[in-house]
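Raw data26.txt, compact mmCIF, C-alpha atoms:
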# COMPACT_ATOMS: atom_id res chain seq x y z
CA MET A 1 3.85 13.84 23.93
CA ALA A 2 4.39 10.17 23.08
CA LYS A 3 1.73 7.77 24.34
CA ALA A 4 2.16 4.13 25.41
CA VAL A 5 -0.83 1.90 24.58
CA LEU A 6 -1.81 -1.73 24.03
CA MET A 7 -3.20 -1.78 20.52
CA GLN A 8 -4.34 -4.15 17.79
CA GLY A 9 -3.05 -3.72 14.24
CA ASN A 10 -6.51 -2.90 12.86
CA GLU A 11 -6.96 -0.31 15.61
CA ALA A 12 -3.57 1.20 14.78
CA ALA A 13 -4.68 1.58 11.15
CA VAL A 14 -7.63 3.70 12.29
CA GLU A 15 -5.68 5.82 14.76
CA GLY A 16 -2.88 6.42 12.26
CA ALA A 17 -5.36 7.36 9.54
CA ILE A 18 -7.08 9.85 11.85
CA ALA A 19 -3.69 11.32 12.77
CA ALA A 20 -3.05 11.73 9.01
CA GLY A 21 -6.28 13.71 8.68
CA MET A 22 -8.71 11.02 7.50
CA ARG A 23 -12.23 12.25 8.22
CA PHE A 24 -14.36 10.03 5.97
CA PHE A 25 -14.73 6.27 5.98
CA ALA A 26 -17.13 4.21 3.89
CA GLY A 27 -16.97 0.44 4.11
CA TYR A 28 -18.66 -2.90 4.46
CA PRO A 29 -17.72 -5.32 7.27
CA ILE A 30 -15.57 -8.29 6.23
CA THR A 31 -13.27 -10.51 8.29
CA PRO A 32 -10.44 -9.88 9.16
CA SER A 33 -10.78 -6.12 8.61
CA THR A 34 -14.10 -5.57 10.45
CA GLU A 35 -12.48 -3.96 13.49
CA ILE A 36 -11.34 -1.08 11.26
CA ALA A 37 -14.93 -0.23 10.31
CA GLU A 38 -16.08 -0.68 13.91
CA GLN A 39 -13.37 1.60 15.25
CA CYS A 40 -14.05 4.23 12.58
CA SER A 41 -17.74 4.24 13.53
CA VAL A 42 -16.72 5.24 17.05
CA ARG A 43 -13.71 7.47 16.44
CA LEU A 44 -14.68 9.53 13.42
CA PRO A 45 -17.73 11.22 15.03
CA GLN A 46 -15.45 12.12 17.94
CA GLU A 47 -13.10 13.86 15.48
CA GLY A 48 -15.78 15.65 13.48
CA GLY A 49 -15.61 13.10 10.67
CA LYS A 50 -18.15 10.90 8.94
CA PHE A 51 -18.60 7.13 8.97
CA ILE A 52 -21.04 5.32 6.72
CA GLN A 53 -21.63 1.60 6.23
CA MET A 54 -22.41 1.01 2.57
CA GLU A 55 -24.41 -1.83 1.06
CA ASP A 56 -21.31 -3.47 -0.45
CA GLU A 57 -17.68 -2.90 -1.38
CA LEU A 58 -18.47 -1.42 -4.80
CA ALA A 59 -20.48 1.33 -3.17
CA SER A 60 -17.87 1.78 -0.44
CA ILE A 61 -15.00 2.77 -2.70
CA ALA A 62 -17.34 4.87 -4.84
CA ALA A 63 -18.35 6.86 -1.75
CA VAL A 64 -14.70 7.25 -0.75
CA LEU A 65 -13.77 8.60 -4.19
CA GLY A 66 -16.67 11.04 -4.06
CA ALA A 67 -15.69 12.31 -0.63
CA SER A 68 -12.06 12.71 -1.66
CA ALA A 69 -12.99 14.67 -4.77
CA THR A 70 -14.54 17.29 -2.48
CA GLY A 71 -11.26 17.63 -0.58
CA MET A 72 -11.75 15.13 2.26
CA LYS A 73 -9.07 12.61 3.19
CA ALA A 74 -10.95 9.33 2.79
CA MET A 75 -10.38 5.61 3.38
CA THR A 76 -12.04 2.23 3.09
CA ALA A 77 -11.04 -1.18 4.43
CA THR A 78 -11.76 -4.69 3.22
CA SER A 79 -10.30 -8.16 2.63
CA GLY A 80 -9.75 -10.29 -0.47
CA PRO A 81 -13.31 -10.79 -1.78
CA GLY A 82 -14.18 -7.13 -1.18
CA PHE A 83 -10.87 -6.00 -2.69
CA SER A 84 -11.83 -7.85 -5.87
CA LEU A 85 -15.11 -5.94 -6.01
CA MET A 86 -13.30 -2.62 -5.67
CA GLN A 87 -11.01 -3.05 -8.65
CA GLU A 88 -13.02 -1.18 -11.29
CA ASN A 89 -13.37 1.93 -9.13
CA LEU A 90 -9.75 1.64 -8.05
CA GLY A 91 -8.85 2.08 -11.70
CA TYR A 92 -11.26 5.01 -11.90
CA GLY A 93 -9.49 6.66 -8.98
CA ALA A 94 -6.12 6.20 -10.69
CA MET A 95 -7.37 7.67 -13.99
CA ALA A 96 -9.26 10.56 -12.38
CA GLU A 97 -6.36 11.18 -9.94
CA ILE A 98 -8.43 11.02 -6.78
CA PRO A 99 -6.39 10.45 -3.59
CA CYS A 100 -7.60 7.80 -1.12
CA VAL A 101 -6.34 4.84 0.90
CA ILE A 102 -7.66 1.29 0.51
CA VAL A 103 -6.78 -1.05 3.39
CA ASP A 104 -6.74 -4.74 2.41
CA VAL A 105 -6.34 -7.03 5.42
CA GLN A 106 -5.55 -10.19 3.49
CA ARG A 107 -7.04 -13.59 4.33
CA ALA A 108 -6.74 -17.07 2.86
CA GLY A 109 -8.48 -17.62 -0.48
CA PRO A 110 -9.38 -18.04 -3.26
CA SER A 111 -13.07 -17.06 -3.21
CA THR A 112 -14.21 -16.83 0.42
CA GLY A 113 -11.48 -19.30 1.42
CA LEU A 114 -10.62 -19.40 5.11
CA ALA A 115 -12.11 -16.16 6.36
CA THR A 116 -10.20 -15.91 9.63
CA SER A 117 -6.86 -17.33 8.47
CA PRO A 118 -3.71 -15.46 7.39
CA SER A 119 -2.53 -15.09 3.83
CA GLN A 120 -0.58 -12.76 1.56
CA GLY A 121 -2.35 -13.83 -1.59
CA ASP A 122 -3.40 -10.37 -2.81
CA TYR A 123 0.11 -9.12 -3.61
CA MET A 124 -0.16 -9.48 -7.37
CA GLN A 125 -3.78 -8.29 -7.32
CA ALA A 126 -2.63 -5.04 -5.71
CA LYS A 127 -0.56 -4.37 -8.83
CA TRP A 128 -2.60 -5.96 -11.60
CA GLY A 129 -6.14 -6.22 -10.18
CA THR A 130 -7.71 -3.47 -12.25
CA HIS A 131 -7.47 -3.39 -16.03
CA GLY A 132 -5.16 -1.29 -18.14
CA ASP A 133 -1.78 0.26 -17.40
CA HIS A 134 -2.18 2.31 -14.26
CA PRO A 135 -0.04 3.75 -11.43
CA VAL A 136 0.20 1.70 -8.22
CA ILE A 137 1.60 2.43 -4.78
CA ALA A 138 1.20 -0.33 -2.19
CA LEU A 139 2.68 -0.41 1.33
CA SER A 140 2.82 -3.34 3.75
CA PRO A 141 3.42 -3.09 7.54
CA SER A 142 4.89 -5.84 9.71
CA SER A 143 4.03 -4.60 13.21
CA VAL A 144 1.37 -2.64 15.09
CA LEU A 145 3.54 0.45 15.49
CA GLU A 146 4.53 0.37 11.84
CA THR A 147 0.87 0.08 10.89
CA TYR A 148 0.27 3.38 12.67
CA THR A 149 3.21 5.23 11.14
CA LEU A 150 3.01 3.65 7.70
CA ILE A 151 -0.66 4.42 7.10
CA ILE A 152 0.22 8.07 7.73
CA ARG A 153 2.80 7.68 4.97
CA ALA A 154 0.14 6.04 2.77
CA PHE A 155 -2.03 9.16 3.09
CA ASN A 156 0.96 11.42 2.50
CA LEU A 157 1.88 9.61 -0.72
CA SER A 158 -1.74 9.53 -1.86
CA GLU A 159 -2.09 13.27 -1.39
CA LYS A 160 1.30 14.09 -2.91
CA TYR A 161 0.82 12.03 -6.07
CA ARG A 162 -3.00 12.25 -6.31
CA THR A 163 -3.54 8.52 -6.56
CA PRO A 164 -5.16 5.70 -4.59
CA VAL A 165 -2.69 3.97 -2.27
CA ILE A 166 -3.19 0.34 -1.25
CA PHE A 167 -2.35 -0.48 2.36
CA LEU A 168 -1.62 -4.19 2.09
CA MET A 169 -1.96 -5.60 5.59
CA ASP A 170 -2.58 -9.25 6.46
CA GLU A 171 -4.50 -11.06 9.18
CA ILE A 172 -1.33 -11.61 11.22
CA VAL A 173 -0.69 -7.89 11.60
CA GLY A 174 -4.35 -6.87 11.67
CA HIS A 175 -5.15 -9.05 14.68
CA MET A 176 -1.80 -8.75 16.45
CA ARG A 177 -1.81 -6.90 19.77
CA GLU A 178 1.35 -5.18 20.95
CA GLY A 179 2.39 -2.58 23.44
CA VAL A 180 3.47 0.42 21.38
CA GLU A 181 4.57 3.97 22.01
CA LEU A 182 2.74 6.22 19.59
CA PRO A 183 4.72 9.25 18.44
CA ASP A 184 3.88 12.75 19.60
CA PRO A 185 1.34 14.16 17.10
CA ARG A 186 3.43 17.32 16.94
CA ASP A 187 6.30 15.29 15.46
CA LEU A 188 4.25 13.85 12.60
CA ILE A 189 4.73 15.07 9.04
CA ILE A 190 1.33 15.39 7.37
CA ASN A 191 1.01 16.16 3.64
CA ARG A 192 -1.96 17.90 2.09
CA ARG A 193 -2.67 17.88 -1.61
CA LYS A 194 -1.75 20.97 -3.57
CA MET A 195 -4.84 22.75 -4.82
CA SER A 196 -5.50 25.48 -7.34
CA PHE A 197 -8.08 28.10 -6.45
CA HIS A 198 -8.40 30.04 -9.71
CA ASP A 199 -11.81 31.48 -10.54
CA GLY A 200 -14.21 30.54 -13.29
CA ALA A 201 -15.81 27.42 -14.78
CA ASN A 202 -14.30 24.52 -16.72
CA LYS A 203 -10.69 25.58 -16.33
CA GLN A 204 -7.83 23.30 -17.29
CA CYS A 205 -8.17 21.28 -14.08
CA TYR A 206 -5.81 18.51 -15.29
CA PHE A 207 -3.18 20.89 -16.60
CA VAL A 208 0.33 19.95 -15.48
CA PRO A 209 3.30 22.22 -16.31
CA GLU A 210 6.16 20.69 -18.28
CA GLY A 211 8.50 18.75 -16.02
CA GLN A 212 5.86 18.22 -13.33
CA TYR A 213 3.59 15.24 -12.71
CA VAL A 214 0.58 16.11 -10.56
CA PRO A 215 -2.34 18.48 -11.30
CA GLN A 216 -3.46 20.97 -8.66
CA MET A 217 -7.22 20.55 -8.74
CA LYS A 218 -9.63 22.57 -6.68
CA PRO A 219 -11.94 20.50 -4.43
CA PHE A 220 -15.08 19.67 -6.38
CA GLY A 221 -18.03 21.86 -5.45
CA GLN A 222 -16.01 24.75 -4.10
CA GLY A 223 -17.04 27.32 -6.67
CA GLU A 224 -15.66 25.76 -9.83
CA ARG A 225 -17.13 23.25 -12.25
CA TYR A 226 -15.03 20.62 -13.96
CA ASN A 227 -15.49 17.17 -15.39
CA ILE A 228 -14.30 13.97 -13.67
CA THR A 229 -14.29 10.86 -15.86
CA GLY A 230 -12.67 7.47 -16.11
CA LEU A 231 -12.31 7.95 -19.86
CA ALA A 232 -9.12 9.27 -21.41
CA HIS A 233 -9.51 13.02 -21.06
CA ASP A 234 -7.93 16.31 -21.99
CA GLU A 235 -6.69 18.93 -19.54
CA SER A 236 -10.25 20.23 -19.00
CA GLY A 237 -11.32 16.76 -17.83
CA PHE A 238 -13.54 16.04 -20.84
CA PRO A 239 -13.26 12.74 -22.78
CA THR A 240 -11.07 12.66 -25.86
CA ASN A 241 -10.37 10.22 -28.68
CA ASP A 242 -7.15 12.01 -29.56
CA HIS A 243 -4.46 9.32 -29.27
CA GLY A 244 -1.73 11.88 -28.68
CA ILE A 245 -3.57 13.43 -25.75
CA ALA A 246 -4.52 10.01 -24.35
CA GLY A 247 -0.95 8.73 -24.62
CA LYS A 248 0.44 11.82 -22.90
CA LEU A 249 -2.07 11.38 -20.06
CA ILE A 250 -1.38 7.68 -19.44
CA ASN A 251 2.37 8.14 -19.62
CA ARG A 252 2.17 10.98 -17.11
CA LEU A 253 0.13 8.80 -14.72
CA LEU A 254 2.77 6.08 -14.95
CA ASP A 255 5.73 8.45 -14.84
CA LYS A 256 4.56 10.21 -11.68
CA ILE A 257 5.16 6.94 -9.82
CA GLU A 258 8.05 5.42 -11.78
CA ASP A 259 10.10 8.63 -11.97
CA ASN A 260 9.64 9.24 -8.24
CA ALA A 261 10.45 5.70 -7.11
CA ASP A 262 13.29 6.90 -4.86
CA ASP A 263 10.83 9.07 -2.95
CA ILE A 264 8.20 6.33 -2.71
CA ILE A 265 10.18 3.16 -2.02
CA ARG A 266 11.23 2.12 1.47
CA VAL A 267 12.83 -1.16 2.61
CA GLU A 268 13.97 -2.64 5.91
CA GLU A 269 17.25 -4.51 6.07
CA TYR A 270 18.19 -6.65 9.08
CA LEU A 271 21.77 -7.94 9.45
CA MET A 272 22.34 -7.61 5.71
CA ASP A 273 25.77 -5.93 5.72
CA ASP A 274 27.76 -9.18 5.81
CA ALA A 275 24.99 -11.62 4.81
CA ASP A 276 25.62 -14.21 2.12
CA THR A 277 22.00 -15.45 2.29
CA ALA A 278 19.12 -12.98 2.16
CA ILE A 279 15.62 -13.92 3.24
CA VAL A 280 13.15 -11.70 1.39
CA CYS A 281 9.71 -11.26 2.97
CA PHE A 282 7.00 -8.68 3.61
CA GLY A 283 4.18 -7.93 6.04
CA GLY A 284 3.36 -10.44 8.77
CA ALA A 285 5.90 -13.00 7.54
CA ALA A 286 8.72 -10.76 8.76
CA ARG A 287 8.25 -11.68 12.42
CA ALA A 288 9.10 -15.36 11.86
CA VAL A 289 11.90 -14.39 9.47
CA MET A 290 13.62 -12.16 12.02
CA ASP A 291 13.52 -14.95 14.62
CA ALA A 292 14.97 -17.36 12.07
CA VAL A 293 17.73 -14.90 11.15
CA ASP A 294 18.69 -14.53 14.81
CA ALA A 295 18.77 -18.31 15.26
CA ALA A 296 20.82 -18.78 12.10
CA ARG A 297 23.28 -16.11 13.23
CA ALA A 298 23.62 -17.84 16.59
CA ALA A 299 24.60 -20.98 14.66
CA GLY A 300 27.30 -19.05 12.80
CA LYS A 301 25.45 -18.56 9.51
CA LYS A 302 25.54 -15.25 7.67
CA VAL A 303 21.83 -14.74 7.08
CA GLY A 304 19.97 -11.44 6.81
CA MET A 305 16.48 -10.14 6.06
CA PHE A 306 15.48 -7.88 3.17
CA ARG A 307 11.92 -6.61 3.60
CA PRO A 308 10.14 -4.37 1.08
CA ILE A 309 7.97 -1.90 3.00
CA THR A 310 6.89 -0.36 -0.28
CA VAL A 311 5.84 -3.53 -2.09
CA TRP A 312 4.76 -1.67 -5.26
CA PRO A 313 6.73 -0.27 -6.97
CA PHE A 314 8.98 -3.24 -6.22
CA PRO A 315 12.36 -2.12 -4.79
CA GLU A 316 14.46 -3.74 -7.48
CA LYS A 317 17.30 -1.19 -7.28
CA GLN A 318 17.70 -1.76 -3.54
CA LEU A 319 17.67 -5.55 -3.97
CA LEU A 320 20.14 -5.47 -6.86
CA GLU A 321 22.57 -3.49 -4.71
CA ARG A 322 22.73 -6.50 -2.36
CA VAL A 323 23.00 -9.25 -4.97
CA PRO A 324 26.80 -9.06 -5.56
CA GLY A 325 27.49 -9.99 -1.94
CA LEU A 326 25.00 -12.88 -1.80
CA LYS A 327 25.28 -16.58 -2.53
CA ASN A 328 21.53 -17.13 -2.63
CA ILE A 329 18.10 -15.77 -1.70
CA LEU A 330 15.18 -17.38 0.10
CA MET A 331 11.74 -15.88 -0.56
CA VAL A 332 9.27 -16.43 2.31
CA GLU A 333 5.61 -15.47 1.86
CA HIS A 334 2.14 -16.76 2.70
CA ASN A 335 1.09 -17.57 -0.86
CA HIS A 336 2.11 -19.82 -3.75
CA GLY A 337 4.90 -17.54 -4.96
CA GLN A 338 3.83 -14.01 -5.88
CA MET A 339 6.60 -11.67 -4.72
CA LEU A 340 8.85 -14.59 -5.70
CA LEU A 341 8.22 -13.69 -9.33
CA GLU A 342 9.42 -10.13 -8.78
CA VAL A 343 12.53 -11.32 -6.96
CA GLN A 344 13.36 -13.78 -9.73
CA ARG A 345 12.78 -11.11 -12.38
CA THR A 346 15.01 -8.65 -10.55
CA VAL A 347 17.83 -11.10 -9.82
CA GLY A 348 17.74 -12.35 -13.40
CA GLY A 349 19.50 -15.66 -12.70
CA ARG A 350 22.59 -14.07 -11.11
CA ILE A 351 22.19 -16.20 -7.96
CA PRO A 352 19.80 -19.03 -6.95
CA VAL A 353 16.41 -18.01 -5.56
CA GLU A 354 14.65 -20.57 -3.32
CA PHE A 355 11.05 -20.38 -2.12
CA LEU A 356 9.12 -21.17 1.05
CA GLY A 357 5.39 -20.52 0.92
CA ARG A 358 2.18 -21.64 2.57
CA VAL A 359 -1.44 -21.57 1.36
CA ASP A 360 -3.27 -23.66 3.99
CA GLY A 361 -4.20 -20.77 6.29
CA THR A 362 -1.48 -21.49 8.86
CA VAL A 363 1.66 -19.46 9.45
CA ILE A 364 5.24 -20.14 8.46
CA SER A 365 7.28 -20.65 11.63
CA PRO A 366 10.93 -19.83 12.35
CA ALA A 367 11.58 -23.60 12.47
CA ASP A 368 10.14 -23.96 8.95
CA ILE A 369 12.53 -21.29 7.71
CA LEU A 370 15.54 -22.81 9.47
CA ASN A 371 14.74 -26.22 8.00
CA LYS A 372 14.55 -24.67 4.55
CA LEU A 373 17.91 -22.96 5.07
CA GLU A 374 19.45 -26.31 6.06
CA GLY A 375 18.15 -27.86 2.86
CA MET A 376 19.64 -25.04 0.78
CA GLU A 377 23.09 -25.88 2.16
CA GLU A 378 22.94 -29.53 1.13

Show how you would write the structure in this file as C-alpha cells.
Amino acid sequence: MAKAVLMQGNEAAVEGAIAAGMRFFAGYPITPSTEIAEQCSVRLPQEGGKFIQMEDELASIAAVLGASATGMKAMTATSGPGFSLMQENLGYGAMAEIPCVIVDVQRAGPSTGLATSPSQGDYMQAKWGTHGDHPVIALSPSSVLETYTLIIRAFNLSEKYRTPVIFLMDEIVGHMREGVELPDPRDLIINRRKMSFHDGANKQCYFVPEGQYVPQMKPFGQGERYNITGLAHDESGFPTNDHGIAGKLINRLLDKIEDNADDIIRVEEYLMDDADTAIVCFGGAARAVMDAVDAARAAGKKVGMFRPITVWPFPEKQLLERVPGLKNILMVEHNHGQMLLEVQRTVGGRIPVEFLGRVDGTVISPADILNKLEGMEE
C-alpha cells in the first residue's frame, strides 16, 4: 500500500533506487550528496545488498561497473568535483555497455566552489564530460517524490538500453524535505536487463540482431568467459582495428539512444496550452518558476512552464511543437547559460529567447523571474 513519509531528496534517491532493485553502492562522501552514501550504508545491508566506501570517485565508479557486469543493479553518488573524476570510467561504461546509475547532486563551482550552495552547472558536462561520441541519458527531478519515482525510471532505462544513466539532481532538491506519499511497491514497473544464457566460452557476447540495438550479455562470471574492454571491439568483445566494425559499433551505441528518443524523453508542461511566453527550466529551478507562472497568470499574463525531465537527449521535438504558439521564451537555470544553448539551437531564431541565470550560489526567486518577465515586455 502507499506510504506517507517526511523525506529528504537524497533519502528519496536511496529508497527509490532500492525499490528499483539496486543492491550495490560504491561511493566517496562529498557535499551535497553525502546523505545518499550514509543512507545506503544503513539500508543496503537491511536489503541483502552491499555498501562500500571507496578511496575516491575514480575507484567508486570502477567498483560500480564491476558489480554491474556480474548482474547487480549498481549506483554511485557524487557532486561536481567527483563527477569530473568519474568521466573516464563513465565513457568505459558506455563503450562496454554496462548498466549503472550515477547520481550527481550539483553544487556551485568551478573547482570546489561553494560546497553547500545550489547550482546546475554540470548540465553540459553530463553530455560532453567524457571524450568521444558516446550515448547519454540524463534525468533531472524537481521534487522529493519525483526523485523517488524518477530514479526508478533511471534504473529501468539503464537496464533496457545497457548504458550508464546520469541522475542530475541539484542541492535544492537533494536537501529539500517534503511530505510525500510513496507509491505501493506492487504498482511499480521494474525492468531487468535481457540476458543470454547460452553455453560455452567466448561467444559473440556483443552480437545484436539486425534491427535491434542492445546485446543480451550473460552476467560475467556465471559460467561463460568473454572480454570486456573500452577499446573498439568486435562482437566477441575483443579489440579490433577494423574501421568498418568500429564504425558499426559506435553508430549502434548512438542509435540505441537517438532512435528510441520517444521512449526515453519525458517533459512536464504547466499551463502551456494557451501560453504565449514559455519559461524553460529543469530540476530545482522549477519550484520558483511554477510560483512565478501562477503569479503572472493572476496578473493576466499568458505564461507557462516547459520543463525537460529527460535533459539528455534534449526534448527538441516537444519544444518545437510549442514554438508556433509562442511570442518568446525565457530560460531560467542556475548557471551561466547551459541549457540555454540547447534551447537557442532548437528554436533556431524563430522567436526571441531570453535568459535568467545565477552563479553566486544563491537561488533564483519567483520575484526575480517576474521582474525579468516585466523587462521582456518593455

Region 327-344 of chain A environment, 8 Å, all atoms listed in the file, sequence neighbours closer than 4 positions dropped, as a ChimeraX atom specification: /A:118-121,123-124,276-282,285,289,314,316,348-349,351-359,363-364,369,373

Nearest to Phe25 (chain A), chosen from A:Gly48, A:Trp128, A:Ala74, A:Glu38, with all atoms listed in the file counted in the distances: A:Ala74

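One distance worth recording is that between CA of Leu90 (chain A) and CA of Gly27 (chain A), which is 14.2 Å.
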
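Between CA of Asn10 (chain A) and CA of Ala292 (chain A) there is a distance of 25.9 Å.
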
Which of A:Gly129, A:Pro110, A:Gly93, A:Gly284 sits closest to Tyr161 (chain A) [using only C-alpha atoms]: A:Gly93

Region 187-196 of chain A environment, 8 Å, only C-alpha atoms, sequence neighbours closer than 5 positions dropped, as a ChimeraX atom specification: /A:20-21,152,155-157,159-160,162,216-219

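Minimum atom-to-atom distance to Gly211 (chain A), evaluated using all atoms listed in the file, belongs to A:Lys256 out of A:Gly16, A:Ala295, A:Lys256, A:Leu168.
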